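For reference, the structure discussed in these notes is given below.
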Amino acid sequence: MLMRSRDVRSAVLLLLLIVVGGSSTASGKGRVPEKQPAAPPFSVALRARLHEALAARGSEYEARSRHLHPDGSPLYTNRLLLEKSPYLQQHAHNPVNWFPWGAEAFAEARRLDRPILVSIGYATCHWCHVMEEESFDSIETARLMNERFVAIKVDREARPDVDAIYMAAVHAMGQRGGWPLNVFITPEGKPFYGGTYFPPHDRPRRPGFTRVLTELSNSFATRRDEVESNANTLAAHLKRVLEGHTATQSAVFDETALGRVTKHFARVADREWGGVGGGTKFPSSLPVGLLLRESRRTDNADALVLAKLTLDRMASGGIHDHLAGGFHRYATDPRWLVPHFEKMLYDNALIAVAYLEALQATGDPLYEDVLRRLLDYVLREMTDAGGGFYSATDADSLRPDGESEEGYFFTWTLDEVRRHLDDKQARVAIGWFGLIGRGPLEGRNVLHVKRNPDEVASSLGLTRTVFDRSLTSARGRLLKARSDRRPPLRDDKILAGWNGLMIGALARAGFALDESRYLSAASAAGEFVLGSMLEGDRLRRVSLDGEAGGPSFLEDYAFLIAAFIDLYEASGEVRWIEAAIRLQTIQDAHYGDATGGGYYRGADDGESLIAREKPISDGALPSGNSVSAANLSRLGALTGDESYLERLALLYSAFAEHLNEAPSASSELMKVVSDREAGLREIVLVEGPDGANLAAMLAPLRSVFAPNRVLIQTGEGARGESLAKILAIVRGKKAIAGKTTAYVCEDRVCQFPTNDPAKFREQLIALPLKREAGKTE
């Protein structure tokens with residue numbers, strides 16, 4: 001594989017040297033002069049559709065472009081105005097003749113015999129905005145693109161399959177990935193060059209975008225055979241790498257990988273600030289959930305220390321929104337101080353689960369406070385009237401002078417703080433949030449916490465009670481003052497898979513905290529998805545402005561199946577486990593590899609791309625196969641249907657080589673292994689008449705960190721008999737002495753039932769005979 005990767009890199013090296021090294025055509029004389037871009041060849045019908053769509057925006061519509069008529073209406077409009085994607089609509093008034101991803105664009109490239117530029121990004125991407133302003137809204141650059149390329153814009157959040165393939169292509173070229181992702185491909189979809197952000201003109205060690213466009217179009221015209229040969233080599237490599245996971249009899253997953261994963265993260269973790277690395281830090285870089293599980297299962301105290309350190313540092317850092325709640329996407333420094341100010345739905349869903357599990361594992365009230373404030377932020381600011389959850393908010397916002405600045409909305413000067421607070425509140429806020437005269441971000445302060453509250457209160461000469469009261473008031477007044485600023489752009493599209501993550505987080509938190517608001521919000525979002533994002537029995541990935549569309553992918557099914565299992569366990573409502581089973585059946589039929597094991601990202605009846613990926617490595621999001629492994633394990637335990645566990649075994653085998661070589665790249669799947677190694681319990685709770693003893697028996701389930709279990713709530717009589725048709729394990733189970741009774745089982749073998757909450761708690765906490773980390777008996 002190493003030699004093949006080198007061959008791929010050498011196949012694109014010559015083009016890379018041409019672009020970076022320059023040639024006679026890349027001089028200033030080769031630049032296209034500033035003038036109107038070539039008129040796009042729009043049909044009469046397309047022009048009419050664009051005119052109608054633009055008129056429907058109304059007189060208050062603000063076109064995102066510097067090219068405007070005197071009345072403020074846009075000078076240019078392209079096909080992206082018709083798309084159901086906020087990101088694509090951001091580019092609807094560029095002078096570039098953009099196409100959305102689809103057959104029309106590829107047919108146009110074949111008709112014109114031109115290469116294709118695929119530019120991939122998302123609505124809240126800072127550097128996507130920068131490149132748009134510098135290049136895509138430039139008439140000079142647009143003319144070059146319109147005359148020499150077919151240009152396609154892709155929303156990576158709507159088409160993760162396209163993004164994954166071309167990101168893998170850029171990685172195969174030996175480059176770092178990121179967004180915007182700009183890849184040049186043949187009319188057959190095969191990549192031959194790519195990169196991320198390009199400045200408009202040459203900078204040291206980074207070619208300008210106009211040079212890249214000029215050189216690549218010249219190479220495509222004059223060295224076509226070489227370009228296509230390189231593209232064919234790279235496409236074959238991508239197909240081999242992305243599709244190559246297949247189960248074999250010799251492929252055996254080595255469960256000692258658990259111990260190696262824990263040791264890996266112990267070695268690479270930042271022992272001072274938590275997380276991983278000494279520079280940019282992402283919350284997902286350290287698998288808190290896995291460390292908590294292995295700490296419990298193997299008495300690994302260091303794993304718990306690392307998990308707590310990371311969560312504590314994140315909670316006190318600038319990555320945490322100390323006023324509204326929730327977390328930004330990542331920190332630009334090792335102390336979690338200055339974030340990249342996007343707030344993503346999926347990040348906050350995953351972080352919520354981490355703090356919830358840490359709360360159950362440690363009982364630390366800080367984690368409950370962080371968790372509640374995060375979920376309250378989602379309900380307040382990221383929830384659609386129909387019940388679904390929005391995708392993200394931008395890093396950039398407008399200053400009072402109308403200029404855009406990253407992080408302005410979230411940051412403060414001392415004068416601003418003092419203007420909105422009384423003297424005592426200002427002293428408390430300045431002391432608690434570590435505010436200084438000239439903050440670290442363009443002179444502005446990012447709110448963060450450096451000291452404990454007792455220390456700060458003492459330094460201000462205040463009692464703790466007075467300090468807490470003043471801090472609460474200061475937070476409220478600063479949040480109100482912040483709300484009067486122009487907020488960052490919000491990406492209002494509703495993604496099925498990301499909603500699944502937040503539904504699961506809310507359902508689990510609602511159950512653990514006994515908080516009906518969170519469980520109700522999870523149920524409402526689940527109803528929204530099932531009520532408006534299904535076409536027949538198939539999911540649609542995107543909902544925007546009340547319309548659902550776009551192909552769905554493995555992650556949409558996997559994340560929603562997990563969410564509906566969480567909703568069932570939290571509420572006991574049978575409709576949710578029924579929905580999970582239905583979606584799993586669809587996933588198995590259209591995404592599963594019945595012989596090779598695992599699941600493909602795209603459906604068998606979906607669009608055919610140059611590769612059909614089987615994702616296994618986790619990133620900012622857990623991989624669809626990792627979450628599917630957890631779903632198969634849980635559904636097998638809930639239903640007793642062995643076919644789920646057979647699919648799980650086949651999935652293990654398909655990815656055995658990857659998991660044995662790099663288990664830390666799939667920490668989400670390692671959580672499944674850890675839970676099964678700890679002994680996956682089936683817990684049946686049979687409610688007594690009139691709910692006798694129910695609250696007391698639920699209490700241990702709410703508070704104890706016991707992730708190695710599934711929960712079935714039922715009752716006697718018709719309720720139990722009806723549920724037994726779906727979940728056979730409930731058959732014959734009774735409420736002893738008229739009290740709610742717990743049955744703790746493993747592989748359908750049950751311990752002696754109990755209606756004593758203390759005894760039930762002991763059964764939950766108990767683990768199999770301790771074994772050395774990573775060793776199996």
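Residue numbering restarts at 1 in every chain; chains get A, B, ... in the order shown in the structure tokens, and ligands count up from 1 in that same order.
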
Which residues are close to A:Arg427, i.e. within 10 Å by only C-alpha atoms, leaving aside same-chain residues fewer than 4 positions away? Reply as a count of residues only. 13

Which residues are close to A:Ile577, i.e. within 8 Å by only C-alpha atoms, leaving aside same-chain residues fewer than 3 positions away? Reply as a PyMOL selection string. chain A and resi 564-565+568+573-574+580-581

Selected residue, from A:Ala385, A:Ala758, A:Ala158, A:Leu479, that lies nearest to A:Val704 when counting only C-alpha atoms: A:Ala758

All alpha helix (DSSP H) residues (DSSP, backbone) inside stretch 470-557 of chain A, as a PyMOL selection string: chain A and resi 470-483+496-512+516-532+554-557

Show me, as a PDB file with N, CA and C atoms, in the first residue's frame, the residues that have an atom within 12 Å of A:Ser703 when counting only C-alpha atoms, minus same-chain residues fewer than 2 positions from it.
ATOM      1  N   LEU A 356     -22.549  14.329  30.100  1.00  0.00           N
ATOM      2  CA  LEU A 356     -23.542  13.507  30.784  1.00  0.00           C
ATOM      3  C   LEU A 356     -22.898  12.253  31.365  1.00  0.00           C
ATOM      4  N   GLU A 357     -22.103  11.564  30.556  1.00  0.00           N
ATOM      5  CA  GLU A 357     -21.473  10.336  31.058  1.00  0.00           C
ATOM      6  C   GLU A 357     -20.473  10.644  32.164  1.00  0.00           C
ATOM      7  N   ALA A 358     -19.768  11.776  32.052  1.00  0.00           N
ATOM      8  CA  ALA A 358     -18.839  12.156  33.120  1.00  0.00           C
ATOM      9  C   ALA A 358     -19.594  12.496  34.406  1.00  0.00           C
ATOM     10  N   LEU A 359     -20.760  13.127  34.266  1.00  0.00           N
ATOM     11  CA  LEU A 359     -21.590  13.396  35.439  1.00  0.00           C
ATOM     12  C   LEU A 359     -21.986  12.102  36.127  1.00  0.00           C
ATOM     13  N   GLN A 360     -22.417  11.108  35.359  1.00  0.00           N
ATOM     14  CA  GLN A 360     -22.799   9.830  35.947  1.00  0.00           C
ATOM     15  C   GLN A 360     -21.604   9.107  36.562  1.00  0.00           C
ATOM     16  N   ALA A 361     -20.436   9.255  35.924  1.00  0.00           N
ATOM     17  CA  ALA A 361     -19.250   8.548  36.415  1.00  0.00           C
ATOM     18  C   ALA A 361     -18.649   9.199  37.649  1.00  0.00           C
ATOM     19  N   THR A 362     -18.808  10.526  37.795  1.00  0.00           N
ATOM     20  CA  THR A 362     -18.121  11.233  38.883  1.00  0.00           C
ATOM     21  C   THR A 362     -19.051  11.950  39.850  1.00  0.00           C
ATOM     22  N   GLY A 363     -20.256  12.298  39.413  1.00  0.00           N
ATOM     23  CA  GLY A 363     -21.154  13.079  40.246  1.00  0.00           C
ATOM     24  C   GLY A 363     -20.772  14.541  40.363  1.00  0.00           C
ATOM     25  N   ASP A 364     -19.822  15.024  39.555  1.00  0.00           N
ATOM     26  CA  ASP A 364     -19.355  16.407  39.640  1.00  0.00           C
ATOM     27  C   ASP A 364     -20.454  17.362  39.180  1.00  0.00           C
ATOM     28  N   GLU A 368     -23.015  18.799  35.297  1.00  0.00           N
ATOM     29  CA  GLU A 368     -24.457  18.997  35.118  1.00  0.00           C
ATOM     30  C   GLU A 368     -24.751  20.432  34.691  1.00  0.00           C
ATOM     31  N   ARG A 508     -31.165  10.998  26.307  1.00  0.00           N
ATOM     32  CA  ARG A 508     -30.358  10.445  27.388  1.00  0.00           C
ATOM     33  C   ARG A 508     -30.272  11.403  28.572  1.00  0.00           C
ATOM     34  N   ALA A 509     -30.093  12.703  28.271  1.00  0.00           N
ATOM     35  CA  ALA A 509     -30.032  13.693  29.353  1.00  0.00           C
ATOM     36  C   ALA A 509     -31.382  13.833  30.041  1.00  0.00           C
ATOM     37  N   GLY A 510     -32.466  13.811  29.250  1.00  0.00           N
ATOM     38  CA  GLY A 510     -33.790  13.909  29.842  1.00  0.00           C
ATOM     39  C   GLY A 510     -34.060  12.781  30.809  1.00  0.00           C
ATOM     40  N   PHE A 511     -33.611  11.572  30.456  1.00  0.00           N
ATOM     41  CA  PHE A 511     -33.797  10.430  31.348  1.00  0.00           C
ATOM     42  C   PHE A 511     -32.894  10.557  32.580  1.00  0.00           C
ATOM     43  N   ALA A 512     -31.596  10.823  32.365  1.00  0.00           N
ATOM     44  CA  ALA A 512     -30.655  10.841  33.482  1.00  0.00           C
ATOM     45  C   ALA A 512     -30.959  11.949  34.477  1.00  0.00           C
ATOM     46  N   LEU A 513     -31.356  13.125  33.971  1.00  0.00           N
ATOM     47  CA  LEU A 513     -31.635  14.268  34.845  1.00  0.00           C
ATOM     48  C   LEU A 513     -33.090  14.316  35.289  1.00  0.00           C
ATOM     49  N   ASP A 514     -33.902  13.385  34.778  1.00  0.00           N
ATOM     50  CA  ASP A 514     -35.346  13.395  35.037  1.00  0.00           C
ATOM     51  C   ASP A 514     -35.928  14.754  34.665  1.00  0.00           C
ATOM     52  N   ALA A 696     -38.329   5.025  42.524  1.00  0.00           N
ATOM     53  CA  ALA A 696     -37.177   4.546  43.288  1.00  0.00           C
ATOM     54  C   ALA A 696     -36.341   3.562  42.477  1.00  0.00           C
ATOM     55  N   MET A 697     -36.992   2.755  41.645  1.00  0.00           N
ATOM     56  CA  MET A 697     -36.253   1.786  40.837  1.00  0.00           C
ATOM     57  C   MET A 697     -35.593   2.435  39.620  1.00  0.00           C
ATOM     58  N   LEU A 698     -36.159   3.532  39.156  1.00  0.00           N
ATOM     59  CA  LEU A 698     -35.540   4.251  38.041  1.00  0.00           C
ATOM     60  C   LEU A 698     -34.325   5.055  38.494  1.00  0.00           C
ATOM     61  N   ALA A 699     -34.277   5.445  39.751  1.00  0.00           N
ATOM     62  CA  ALA A 699     -33.218   6.323  40.244  1.00  0.00           C
ATOM     63  C   ALA A 699     -31.815   5.776  39.981  1.00  0.00           C
ATOM     64  N   PRO A 700     -31.521   4.497  40.259  1.00  0.00           N
ATOM     65  CA  PRO A 700     -30.173   4.002  39.953  1.00  0.00           C
ATOM     66  C   PRO A 700     -29.845   4.060  38.466  1.00  0.00           C
ATOM     67  N   LEU A 701     -30.836   3.798  37.616  1.00  0.00           N
ATOM     68  CA  LEU A 701     -30.606   3.854  36.172  1.00  0.00           C
ATOM     69  C   LEU A 701     -30.267   5.274  35.723  1.00  0.00           C
ATOM     70  N   PHE A 705     -23.310   5.309  36.209  1.00  0.00           N
ATOM     71  CA  PHE A 705     -22.657   5.163  34.902  1.00  0.00           C
ATOM     72  C   PHE A 705     -22.499   3.674  34.619  1.00  0.00           C
ATOM     73  N   ALA A 706     -23.442   3.136  33.849  1.00  0.00           N
ATOM     74  CA  ALA A 706     -23.433   1.728  33.468  1.00  0.00           C
ATOM     75  C   ALA A 706     -23.804   1.647  31.995  1.00  0.00           C
ATOM     76  N   PRO A 707     -22.861   2.008  31.111  1.00  0.00           N
ATOM     77  CA  PRO A 707     -23.190   2.067  29.680  1.00  0.00           C
ATOM     78  C   PRO A 707     -23.367   0.704  29.042  1.00  0.00           C
ATOM     79  N   ARG A 761     -29.188  -1.382  42.343  1.00  0.00           N
ATOM     80  CA  ARG A 761     -28.001  -0.564  42.104  1.00  0.00           C
ATOM     81  C   ARG A 761     -26.737  -1.429  42.132  1.00  0.00           C
ATOM     82  N   LEU A 764     -26.412  -3.258  38.921  1.00  0.00           N
ATOM     83  CA  LEU A 764     -25.990  -2.386  37.827  1.00  0.00           C
ATOM     84  C   LEU A 764     -24.486  -2.129  37.852  1.00  0.00           C
ATOM     85  N   ILE A 765     -23.968  -1.898  39.045  1.00  0.00           N
ATOM     86  CA  ILE A 765     -22.569  -1.517  39.194  1.00  0.00           C
ATOM     87  C   ILE A 765     -21.635  -2.704  38.980  1.00  0.00           C
TER      88      ILE A 765
END

Give me the residues within 12 Å of A:Val529 as a ChimeraX atom specification, counting only C-alpha atoms and dropping any in the same chain fewer than 3 places off. /A:384,386-389,494-500,503,522-526,532-535,537-543,546-548,556-557,560-561,563-564,579

I'd like the contact shell of A:Glu569 - 8 Å cut-off, only C-alpha atoms, skipping same-chain residues fewer than 6 positions apart - returned as a list in words.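 Within the cut-off, the hits are Val710, Leu711, Ile712 and Gln713 of chain A.
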
Could the residues in this selection be written to a file with N, CA, C and O atoms, as a PDB file, in the first residue's frame?
ATOM      1  N   VAL A 710     -28.893  -2.325  28.047  1.00  0.00           N
ATOM      2  CA  VAL A 710     -30.069  -1.816  27.357  1.00  0.00           C
ATOM      3  C   VAL A 710     -31.226  -1.895  28.344  1.00  0.00           C
ATOM      4  O   VAL A 710     -31.204  -2.708  29.278  1.00  0.00           O
ATOM      5  N   LEU A 711     -32.223  -1.051  28.151  1.00  0.00           N
ATOM      6  CA  LEU A 711     -33.327  -0.961  29.109  1.00  0.00           C
ATOM      7  C   LEU A 711     -34.660  -1.168  28.414  1.00  0.00           C
ATOM      8  O   LEU A 711     -34.938  -0.532  27.388  1.00  0.00           O
ATOM      9  N   ILE A 712     -35.465  -2.036  29.007  1.00  0.00           N
ATOM     10  CA  ILE A 712     -36.825  -2.279  28.530  1.00  0.00           C
ATOM     11  C   ILE A 712     -37.778  -2.009  29.689  1.00  0.00           C
ATOM     12  O   ILE A 712     -37.670  -2.647  30.741  1.00  0.00           O
ATOM     13  N   GLN A 713     -38.687  -1.078  29.474  1.00  0.00           N
ATOM     14  CA  GLN A 713     -39.706  -0.787  30.480  1.00  0.00           C
ATOM     15  C   GLN A 713     -41.033  -1.389  30.015  1.00  0.00           C
ATOM     16  O   GLN A 713     -41.453  -1.188  28.871  1.00  0.00           O
TER      17      GLN A 713
END

Enter the distance from atom CA of A:Phe106 to atom CA of A:Asp225, in Å, rounded to one decimal.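 Pair atom CA of A:Phe106 / atom CA of A:Asp225 returns 19.5 Å.
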
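The residue that comes closest to A:Lys759, out of A:Leu478, A:Ala742, A:Ala737, A:Val353 and on the basis of only C-alpha atoms, is A:Ala742.
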
Neighbours of A:Ile165 within 9 Å (only C-alpha atoms; same-chain residues fewer than 4 positions away dropped), as a PyMOL selection string? chain A and resi 160-161+169-170+238+242+609-613

Work out how far apart atom CA of A:Lys493 and atom CA of A:Lys480 are and give it in Å to one decimal.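 Calculated distance between atom CA of A:Lys493 and atom CA of A:Lys480 is 26.1 Å.
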
Record the distance separating atom CA of A:Glu661 and atom CA of A:Gly259, expressed in Å with one decimal. 13.1 Å

Pick out the closest residue to A:Leu350 from this set: A:Leu375, A:Leu567, A:Ile139, A:Val212. Count only C-alpha atoms. A:Leu375

Using only C-alpha atoms, which residues sit within 12 Å of A:Leu68 once same-chain residues fewer than 3 positions away are excluded, as a PyMOL selection string? chain A and resi 62-65+71-77+93-95+137

Would you mind writing down, as number ranges by chain, each residue of stretch 54-254 of chain A that DSSP on the backbone assigns to strand (DSSP E)? A: 98-100, 116-121, 150-155, 181-185, 191-195

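Each of A:Gly437, A:Pro207, A:Gly274, A:Gly317 was compared to A:Lys450 using only C-alpha atoms, and A:Gly317 turns out to be the nearest.
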
Under the rule of at most 10 Å, produce a per-residue listing of stretch 608-677 of chain A near stretch 681-689 of chain A: chain, number, name, the closest pair of atoms, and the distance in Å, as a Markdown table, using only C-alpha atoms.
| residue | atom | partner | partner_atom | distance |
| --- | --- | --- | --- | --- |
| A:Arg634 | CA | A:Glu682 | CA | 9.2 |
| A:Ala637 | CA | A:Glu682 | CA | 6.3 |
| A:Leu638 | CA | A:Glu682 | CA | 6.8 |
| A:Thr639 | CA | A:Glu682 | CA | 9.8 |
| A:Gly640 | CA | A:Glu682 | CA | 9.9 |
| A:Asp675 | CA | A:Arg681 | CA | 9.2 |
| A:Arg676 | CA | A:Arg681 | CA | 8.8 |

Let me make sure I understand: among A:Tyr600, A:Ser667, A:Ser653, A:Ser674, which one has the smallest atom-to-atom distance to A:Glu243 if we use only C-alpha atoms?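 Ranking A:Tyr600, A:Ser667, A:Ser653, A:Ser674 by distance to A:Glu243, first place goes to A:Tyr600.
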